[in-house]
Amino acid sequence: MQPSTPPEPSALGTLVFIMWGAIVWGLQLTAVYVGHTWLCALRAPAVTIDVLMAALTALAIVATLPILGAPALSARLAGLRNGDPDTRHLTVIACVIAALSLIAALWTGATAVFLQACALAR
Amino acid sequence: VSGKPAYELPNPEPRPAGEEDELLRVWATPRGWRIVTAVNNTVVGIAYLGIAFLFFLMAGVLGLLIRTQLAVPGNDFLSQGLYNQVFTVHGTTMMFLFAVPAVEALGVMLLPQMLAARDLPFPRLSAFAIWAYVIGGLVFFSTIFYDLAPDGGWFMYTPLTLKEFSPGDNADFWLLGIGFIEISAIAGAVEIVVGALKTRPPGMSLAKMPIFAWAMLIFAAMIIFAFPAVILGTMLLEIERSFGWPFFTAAKGGDPLLWQHLFWFFGHPEVYIIFLPAAGLVSMIVSTMARRPLIGHDLIVVALIGTGFFSFGLWVHHMFTTGIPSLSLAFFSAASMAVAIPSGIQVFSWIATIAASEERFRITAPSLFVLGFLFIFTMGGLTGIMVALVPVDFQVHDTYFVVAHFHYVLIGGMVFPLFATFYYWTPMVSRNMLSEPIARWVFGLMFAGFHIAFFPMHLTGLLGMPRRVWTYPGDIGWDALNMISTIGAYIFAAGVLLFAVDLVRRFRPAFGGIGGQSNPWGAGTLEWLPSDVYSTRSIPLVTSREPLWDQPDLAREVVRGHHFLPNAPTGERETIVTSPIEGRPQYVIRMPGPGFAHVIAAVFTAACFLLLTIKLVTVAVLCGVVAVGACLVWTWSLDKGPDKGAVAIGGGISLPTYMTGPASHAWWAMIVLILVGASLYLSYVFSYLYLWIVSPEVWPPRGSPSLPDPGWALAVAVLAMASAGATLLAGRLLPKPGGRSYAVLALLALAAVCLAGAVALNLWSHWQSGVRPTENAYGAMVYMAVVLDGQAAAAVVVLLAVAIARHATGRLDRERRVGFENAALLCAYTVAQMLFGLLLVHGFPRVVG
C-alpha cells in the first residue's frame with residue numbers, strides 16, 4: 001500500500017487497452033458509414049465502394065489482432081504489469097472485447113459483399 | 001471471536017475519544033428548512049430518487065389517460081390536441097425526467113456507499129443537478145395543465161416541430177426545458193465518472209470494483225458522448241424556430257432528417273444508458289441472493305463495455321424507412337443484431353449464477369423483480385432482433401408492435417430492476433424494510449398487468465394499428481385487444497399504487513444514521529458496512545471484490561476506526577482520493593459543506609431557461625446574470641490551497657490535502673467536460689458535412705457568397721493561438737505563495753482579449769463576405785460554428801477573469817493553482833476547436849468547391 005512502489009499503470013493506457021477492440025470497431029463503422037455515404041453522393045463506381053469496405057474491414061482485423069494474438073505484450077505496451085492478478089482480469093476483458101469487436105467488424109463489413117451499395121431502399 | 005486478519009490494519013490501536021463526535025459535527029445534516037442547503041449524498045440521493053419516482057407516478061397517470069382514451073373505438077374522453085400533448089409529455093417525462101435521473105440518483109446515493117467514500121468528489125454539483133432537475137422538470141410537466149405542453153412526440157421530429165407547423169410556445173418548452181435538464185444529467189455524469197475513478201477505497205483496483213460501479217462508469221461515459229448530440233439538435237431547432245436559421249428547412253438547403261440523426265444518435269444509446277445501470281443493479285442482487293460471486297464477472301464487464309460501445313452504432317435503425325442507401329440499412333441492421341451478443345452474455349451469466357447458488361437461490365421481493373426483469377427483458381430483446389431486420393421493420397414501423405417492443409425493453413429492463421432496487425437497498429437508507437408479503441402482491445400485479453397491457457399490442461401492431469392515433473374505428477379487429485391492454489394497464493397501476501402505499505407506510509429515511517437492518521441480505525459489498533452521516537467510521541482497506549464475504553471482521557474493524565482516515569484531521573469534510581487503476585491513496589480531498597450558492601444558481605438558471613421559453617427576454621437575462629453570479633460565489637470558495645499540509649490516514653501513510661495537475665480530481669472533471677464539449681462539436685461537424693452532402697448546391701461558390709479571404713482565417717488563428725500562448729506563459733510566471741505578478745495579470749487579460757477578439761473577428765469575416773445565417777443552410781452552419789466557439793470562449797473568459805481576481809487577491813500562485821489549470825485546459829481546448837473550425841468552415845468549401 002505504500003504509494004512509492006511500484007509505479008501506477010497509466011490510466012489512459014489501461015482504458016485504451018481494455019477498449020481497443022471496441023474503438024477499432026467504432027472507427028471502422030464510422031469510416032464505412034461516412035465513406036460509403038460520401039462516395040454514393042459523388043456517384044462513385046460501385047467497385048470503388050466495395051474496395052473501400054473490404055479495405056476498412058481488413059484494416060479493422062489487422063488492428064484488432066495484436067490484442068488477441070499477443071495480449072501480454074499489448075498489456076505491457078499499455079503500461080500494465082504482467083503477472084499481476086488485476087492485469088490478468090483486465091487482459092481477459094480486453095481480449096473478449098477485441099474478439100467481439102472482430103465479429104462485429106466482419107459482420108458489418110460482410111454486408112458490402114451482398115448488396116448494391118447506393119441503391120435506395122424505399 | 002475473530003482471528004488475526006490476513007492484512008495489517010492501518011490503524012490497529014484504539015482510537016481517541018471524541019473522534020467520532022468530531023466526524024458527526026463536521027458531517028451534520030442541516031435541520032428544518034435548511035435541509036435545502038444539504039449536499040450529502042444520502043440526502044441528495046434520496047431526494048433525487050424520490051422526485052424521479054414522483055415523475056414516474058405522474059407520467060404513469062398520463063399513460064392511464066392514454067389507455068382510457070384507447071379502451072374503446074371512437075372515444076372522445078380526450079380531445080385530439082390534448083391526446084397529442086398527453087402522449088408527448090408521457091414519453092418525455094418517462095425518458096428525461098424519470099429514467100435517466102432515477103439512475104443518476106442511484107449513482108449519487110449508492111456509489112459513495114459501495115466505494116466507502118465519505119461522499120462523491122463534487123457534492124455541490126450533485127446538489128445543483130437535483131435542484132435544476134426538480135425546478136425544470138416540474139415546470140415542464142405542469143405545462144400539460146394549461147395547454148402549453150409540447151405535442152410533437154417525445155422525439156419532436158421536424159418539420160412538424162418547425163414554427164410553420166407548431167406555431168405556439170409548446171415545442172419551445174420541450175426544447176429549452178429538456179435542454180436544461182440535459183445539462184443537469186451531464187453534471188451528474190461528471191460527478192459519477194470522477195467519483196468511480198478517483199474515490200474508491202484503498203486497495204480497490206479497477207478489477208475489484210463492484211459491477212454497479214462499472215455500469216455507472218459506462219453509463220456516465222455514454223451520457224458524455226450521447227447527450228451532446230441532442231443538445232446540439234435542440235440548439236439548432238430552437239435557433240431555427242426563434243431566428244429562422246434554416247437547418248431543417250429543405251427549401252433552403254436544410255434537411256428534416258438531420259434532426260432524426262442527431263436525436264437518435266442520442267436516443268438509441270439512451271435506451272442502454274437506462275438499461276446498463278439496471279443491469280449492474282441486477283448483477284449485485286443476483287450475486288447476493290445466490291450467496292456467491294457472479295459467474296463470469298469479467299464477461300459481464302465485457303458485456304457492459306461492449307453494449308455501451310455498440311449502442312452508438314445502431315441509431316440508423318430508427319430511420320430504416322426514411323429512404324437511405326441499402327448498404328447503410330444492411331450494416332446498421334447487422335450492428336443492431338450484434339448488440340444482442342453482449343446483452344445475451346449478461347443474461348446467461350445471471351442464469352448461471354442463479355443455477356449455481358450456494359444452497360437455493362433465495363426468493364425474496366428483490367429476487368422476484370429480478371426474475372420478472374429477466375423474463376420481460378428477454379422477450380423485449382427477441383422482438384428487438386425482429387425489428388432489427390429491415391423487412392420486418394418496414395412492416396411494423398410506427399405501429400403498436402414497436403410500442404410493445406420498447407415497453408418490454410424499458411419497463412422490463414429498467415422499471416423492474418428499479419423496483420428490485422427499492423426493495424433491496426431500502427434497508428440501507430430507511431429504518432424499516434418494505435413489507436415482504438405486500439411486495440409479492442406488488443410484483444404479481446405489476447407482472448401480470450404488464451403482460452396483459454403490452455403483449456396484445458404486438459398483435460394490434462401486426463393488425464396494422466398505427467402509433468400515436470388518438471382513436472380508431474370500431475370494425476377492424478382492434479377493439480378487444482385495446483380493451484385488454486387498458487385493463488392490463490390498470491392492473492399494473494394497482495401494483496404501483498400498492499407499492500406507493502407501502503412506501504408511505506414503512507419508509508422512514510435515516511439520512512446516513514442507519515437505525516434499521518444491518519446487511520439484512522448478507523451481501524458482500526461495502527454499502528452494507530455500518531454507517532452514519534459521515535458514511536463509514538473509517539475507510540476500509542479492500543482486498544477482494546466482495547470484502548464483507550472475504551474479510552469477515554471488516555465491519556467491526558471499520559466501526560472501531562482501525563482502517564483509513566478514522567477522523568477529520570483538517571476539521572472539514574474529507575475523503576481519500578485514490579489512483580484510477582490500482583486504487584492507491586493519493587491525497588485527501590477537502591469537500592464543501594451545506595450552502596446556498598448552488599441552490600441559487602440552479603433556481604435562477606432554471607428561471608432563465610423557462611422565461612426565455614415564454615419570450616420574457618429581459619427578465620431571463622437578469623436571472624442568467626444572477627445564476628452566473630451565484631456560480632462565481634460557488635467557484636470562489638473552491639481551490640482551498642495547500643495550507644493544511646499533509647495528514648496521516650493510517651498504515652504509515654501521510655497524504656497531502658491539496659493536489660494539482662493530472663492527479664487532481666478537478667483536472668479529471670475538466671477533462672470530462674472537455675470531452676462533452678468535443679462531442680458537441682463533433683456533432684456539429686457531422687451536421688455540417690451531412691447538410692453539405694444533402695444540399696451541395698447552397699455551398700459556395702455556387703449557392704452562397706464567396707468565402708472570406710484566407711487572411712481573415714489566418715488572423716483569427718493567430719489571435720486564438722496568442723490566447724493559448726499567453727495562458728501558458730502566465731502559468732509559468734506564477735509567483736511563489738504570497739507574491740504578486742503584474743505580468744501574470746497582464747497575460748491573463750491578454751489571453752481573454754485575444755480569445756474574445758478571435759471569435760469577433762471570425763464573425764465579422766463572414767458578415768463582411770455577405771453570408772447571412774437566414775439565407776440558407778450553409779449560412780446557418782457557418783454562424784453556428786461561431787456560436788459554438790463563442791460559448792466556449794465565453795466560459796474561458798469568465799474563468800480567466802476569476803483567475804485574475806484570485807491572483808490579485810492572493811489566491812492564485814505557483815502552488816495554489818487548480819482553478820487556473822482548469823482555465824488553461826479549457827482555453828487550450830477552445831483554441832483547438834476554433835482552429836479545427838477554421839479548417840472546416842474556411843477550408844473545406846475551397847477543397848470541394
# chains A, B, ... in the order shown; residues from 1 in each chain; ligands from 1

call {"tool": "residues_around", "arguments": {"residues": "B:Arg200", "least_positions_apart": "2", "cutoff": "8 Å", "atoms": "only C-alpha atoms", "output": "short mmCIF file (atom, residue, chain, number, x, y, z; two decimals) with N, CA, C and O atoms, in the first residue's frame"}}
result
data_model
loop_
_atom_site.label_atom_id
_atom_site.label_comp_id
_atom_site.auth_asym_id
_atom_site.auth_seq_id
_atom_site.Cartn_x
_atom_site.Cartn_y
_atom_site.Cartn_z
N LEU B 115 -18.35 2.43 -2.54
CA LEU B 115 -16.91 2.70 -2.59
C LEU B 115 -16.39 3.13 -1.22
O LEU B 115 -15.21 3.50 -1.10
N ALA B 116 -17.27 3.13 -0.22
CA ALA B 116 -16.90 3.54 1.13
C ALA B 116 -16.23 4.91 1.14
O ALA B 116 -15.33 5.17 1.93
N ALA B 117 -16.65 5.76 0.21
CA ALA B 117 -16.17 7.15 0.23
C ALA B 117 -17.10 7.94 1.14
O ALA B 117 -18.26 7.58 1.30
N GLY B 195 -16.04 10.26 -9.58
CA GLY B 195 -16.25 9.50 -8.34
C GLY B 195 -15.82 8.06 -8.47
O GLY B 195 -15.11 7.52 -7.60
N ALA B 196 -16.23 7.40 -9.56
CA ALA B 196 -15.91 5.97 -9.72
C ALA B 196 -14.41 5.76 -9.94
O ALA B 196 -13.85 4.75 -9.51
N LEU B 197 -13.76 6.72 -10.60
CA LEU B 197 -12.34 6.51 -10.89
C LEU B 197 -11.42 7.01 -9.78
O LEU B 197 -10.30 6.52 -9.65
N LYS B 198 -11.89 7.97 -8.97
CA LYS B 198 -10.95 8.61 -8.05
C LYS B 198 -11.29 8.48 -6.56
O LYS B 198 -10.48 8.87 -5.73
N PRO B 202 -8.84 2.55 -0.61
CA PRO B 202 -7.50 1.99 -0.86
C PRO B 202 -7.58 0.48 -1.11
O PRO B 202 -8.25 -0.24 -0.38
N MET B 204 -8.93 -0.99 -3.68
CA MET B 204 -9.96 -1.39 -4.65
C MET B 204 -9.50 -0.98 -6.05
O MET B 204 -9.75 0.13 -6.51
N ILE B 576 -10.76 10.15 0.90
CA ILE B 576 -9.46 9.82 0.29
C ILE B 576 -9.62 9.74 -1.22
O ILE B 576 -10.56 9.11 -1.72
N VAL B 577 -8.71 10.37 -1.94
CA VAL B 577 -8.67 10.22 -3.40
C VAL B 577 -7.61 9.18 -3.72
O VAL B 577 -6.49 9.25 -3.21
N THR B 578 -8.01 8.21 -4.57
CA THR B 578 -7.07 7.13 -4.91
C THR B 578 -6.78 7.15 -6.40
O THR B 578 -7.48 7.82 -7.16
N GLY B 583 -6.11 1.93 -7.28
CA GLY B 583 -6.72 2.36 -6.02
C GLY B 583 -5.71 2.65 -4.93
O GLY B 583 -5.90 2.27 -3.78
#

call {"tool": "interface_residues", "arguments": {"of": "chain B", "to": "chain A", "cutoff": "6 Å", "atoms": "only C-alpha atoms", "output": "compact mmCIF listing (two decimals) with all heavy atoms, in the first residue's frame"}}
result
# COMPACT_ATOMS: atom_id res chain seq x y z
N ALA B 207 -10.09 -3.76 -11.26
CA ALA B 207 -10.57 -5.14 -11.37
C ALA B 207 -11.40 -5.57 -10.16
O ALA B 207 -12.16 -6.54 -10.25
CB ALA B 207 -9.38 -6.08 -11.55
N ASP B 298 -15.86 -11.12 -15.29
CA ASP B 298 -15.13 -10.38 -16.33
C ASP B 298 -15.96 -10.27 -17.61
O ASP B 298 -15.91 -9.26 -18.32
CB ASP B 298 -13.79 -11.05 -16.63
CG ASP B 298 -12.82 -10.90 -15.46
OD1 ASP B 298 -13.13 -10.12 -14.53
OD2 ASP B 298 -11.76 -11.56 -15.47
N VAL B 302 -17.17 -7.11 -19.79
CA VAL B 302 -17.07 -7.06 -21.26
C VAL B 302 -18.42 -6.67 -21.86
O VAL B 302 -18.51 -5.81 -22.75
CB VAL B 302 -16.65 -8.44 -21.81
CG1 VAL B 302 -16.86 -8.52 -23.32
CG2 VAL B 302 -15.19 -8.72 -21.48
N GLY B 323 -35.60 6.13 -46.37
CA GLY B 323 -35.04 6.18 -47.71
C GLY B 323 -33.54 6.36 -47.73
O GLY B 323 -33.03 7.28 -48.35
N ILE B 324 -32.82 5.50 -47.02
CA ILE B 324 -31.37 5.61 -47.01
C ILE B 324 -30.79 4.46 -47.84
O ILE B 324 -31.48 3.47 -48.11
CB ILE B 324 -30.82 5.59 -45.57
CG1 ILE B 324 -31.43 4.44 -44.77
CG2 ILE B 324 -31.09 6.88 -44.85
CD1 ILE B 324 -30.93 4.36 -43.36
N PRO B 325 -29.53 4.59 -48.28
CA PRO B 325 -28.96 3.56 -49.16
C PRO B 325 -29.01 2.16 -48.53
O PRO B 325 -28.93 2.00 -47.31
CB PRO B 325 -27.52 4.01 -49.34
CG PRO B 325 -27.54 5.47 -49.08
CD PRO B 325 -28.60 5.69 -48.06
N SER B 326 -29.13 1.16 -49.40
CA SER B 326 -29.34 -0.20 -48.91
C SER B 326 -28.17 -0.69 -48.08
O SER B 326 -28.33 -1.47 -47.14
CB SER B 326 -29.59 -1.14 -50.09
OG SER B 326 -28.47 -1.11 -50.95
N LEU B 327 -26.95 -0.25 -48.42
CA LEU B 327 -25.79 -0.71 -47.65
C LEU B 327 -25.87 -0.20 -46.21
O LEU B 327 -25.56 -0.92 -45.26
CB LEU B 327 -24.50 -0.26 -48.31
CG LEU B 327 -23.22 -0.83 -47.71
CD1 LEU B 327 -23.23 -2.34 -47.75
CD2 LEU B 327 -22.01 -0.32 -48.45
N ALA B 330 -28.14 -2.28 -44.38
CA ALA B 330 -27.61 -3.59 -44.06
C ALA B 330 -26.67 -3.54 -42.87
O ALA B 330 -26.77 -4.35 -41.95
CB ALA B 330 -26.89 -4.16 -45.28
N PHE B 331 -25.72 -2.58 -42.87
CA PHE B 331 -24.79 -2.69 -41.75
C PHE B 331 -25.34 -2.14 -40.45
O PHE B 331 -24.92 -2.55 -39.38
CB PHE B 331 -23.37 -2.23 -42.07
CG PHE B 331 -23.15 -0.82 -42.46
CD1 PHE B 331 -23.33 0.21 -41.56
CD2 PHE B 331 -22.70 -0.52 -43.73
CE1 PHE B 331 -23.07 1.51 -41.92
CE2 PHE B 331 -22.45 0.79 -44.09
CZ PHE B 331 -22.63 1.80 -43.19
N ALA B 334 -27.10 -5.16 -39.26
CA ALA B 334 -26.13 -6.12 -38.72
C ALA B 334 -25.68 -5.70 -37.32
O ALA B 334 -25.64 -6.52 -36.38
CB ALA B 334 -24.93 -6.21 -39.65

call {"tool": "atom_distance", "arguments": {"atom1": "atom CA of B:Leu175", "atom2": "atom CA of B:Ser683"}}
result
17.3 Å

call {"tool": "select_by_dssp", "arguments": {"residues": "stretch 622-813 of chain B", "states": "helix (DSSP H, G or I)", "output": "PyMOL selection string"}}
result
chain B and resi 622-636+661-663+665-694+696-698+710-733+742-768+777-808

call {"tool": "residues_around", "arguments": {"residues": "B:Phe419", "least_positions_apart": "6", "cutoff": "9 Å", "atoms": "only C-alpha atoms", "output": "list in words"}}
result
Ala365, Pro366, Phe369, Val370 and Phe443 of chain B

call {"tool": "atom_distance", "arguments": {"atom1": "atom CA of B:Gln113", "atom2": "atom CA of B:Arg537"}}
result
11.9 Å

call {"tool": "closest_residue", "arguments": {"among": "B:Glu815, B:Asn75, B:Leu799, B:Val848", "to": "B:Arg732", "atoms": "only C-alpha atoms"}}
result
B:Glu815

call {"tool": "residues_around", "arguments": {"residues": "A:Thr57", "least_positions_apart": "2", "cutoff": "7 Å", "atoms": "only C-alpha atoms", "output": "JSON, numbers by chain"}}
result
{"A": [28, 53, 54, 55, 59, 60, 61, 105, 106, 109]}

call {"tool": "write_last_selection", "arguments": {"atoms": "N, CA and C atoms", "output": "short mmCIF file (atom, residue, chain, number, x, y, z; two decimals), in the first residue's frame"}}
result
data_model
loop_
_atom_site.label_atom_id
_atom_site.label_comp_id
_atom_site.auth_asym_id
_atom_site.auth_seq_id
_atom_site.Cartn_x
_atom_site.Cartn_y
_atom_site.Cartn_z
N GLN A 28 -14.13 1.78 -37.54
CA GLN A 28 -14.48 1.11 -38.80
C GLN A 28 -15.90 1.49 -39.22
N MET A 53 -14.93 -0.79 -48.57
CA MET A 53 -15.47 -1.62 -47.48
C MET A 53 -14.48 -2.73 -47.11
N ALA A 54 -13.97 -3.40 -48.15
CA ALA A 54 -13.05 -4.51 -47.91
C ALA A 54 -11.78 -4.02 -47.22
N ALA A 55 -11.28 -2.87 -47.69
CA ALA A 55 -10.03 -2.35 -47.12
C ALA A 55 -10.23 -1.96 -45.66
N LEU A 59 -8.43 -3.62 -42.48
CA LEU A 59 -7.69 -2.76 -41.55
C LEU A 59 -8.15 -3.00 -40.10
N ALA A 60 -9.46 -3.14 -39.94
CA ALA A 60 -10.00 -3.37 -38.60
C ALA A 60 -9.49 -4.70 -38.04
N ILE A 61 -9.44 -5.71 -38.91
CA ILE A 61 -8.96 -7.03 -38.45
C ILE A 61 -7.49 -6.92 -38.02
N ALA A 105 -16.99 -6.26 -36.61
CA ALA A 105 -16.38 -5.63 -37.79
C ALA A 105 -16.59 -6.50 -39.03
N LEU A 106 -16.40 -7.83 -38.87
CA LEU A 106 -16.62 -8.74 -40.00
C LEU A 106 -18.08 -8.74 -40.42
N GLY A 109 -18.77 -5.50 -42.14
CA GLY A 109 -18.11 -5.44 -43.44
C GLY A 109 -18.72 -6.40 -44.45
#

call {"tool": "residues_around", "arguments": {"residues": "B:Thr42", "least_positions_apart": "4", "cutoff": "9 Å", "atoms": "only C-alpha atoms", "output": "ChimeraX atom specification"}}
result
/B:46-47,108-110,119,429,510-512,533,535

call {"tool": "residues_around", "arguments": {"residues": "B:Val39", "least_positions_apart": "3", "cutoff": "12 Å", "atoms": "only C-alpha atoms", "output": "NGL selection string"}}
result
:B and (27-30 or 34-36 or 42-48 or 108-109 or 118-131 or 511 or 533 or 573 or 591-599)

call {"tool": "residues_around", "arguments": {"residues": "B:Glu358", "least_positions_apart": "2", "cutoff": "8 Å", "atoms": "only C-alpha atoms", "output": "number ranges by chain"}}
result
B: 290-292, 356, 360-361

call {"tool": "select_by_dssp", "arguments": {"residues": "stretch 614-807 of chain B", "states": "strand (DSSP E or B)", "output": "VMD selection string"}}
result
chain B and resid 646 to 650 653 to 656

call {"tool": "atom_distance", "arguments": {"atom1": "atom CA of B:Arg15", "atom2": "atom CA of B:Val558"}}
result
11.4 Å

call {"tool": "closest_residue", "arguments": {"among": "A:Leu27, A:Ala78, A:Ala99, A:Val47", "to": "A:Gly13", "atoms": "only C-alpha atoms"}}
result
A:Ala78
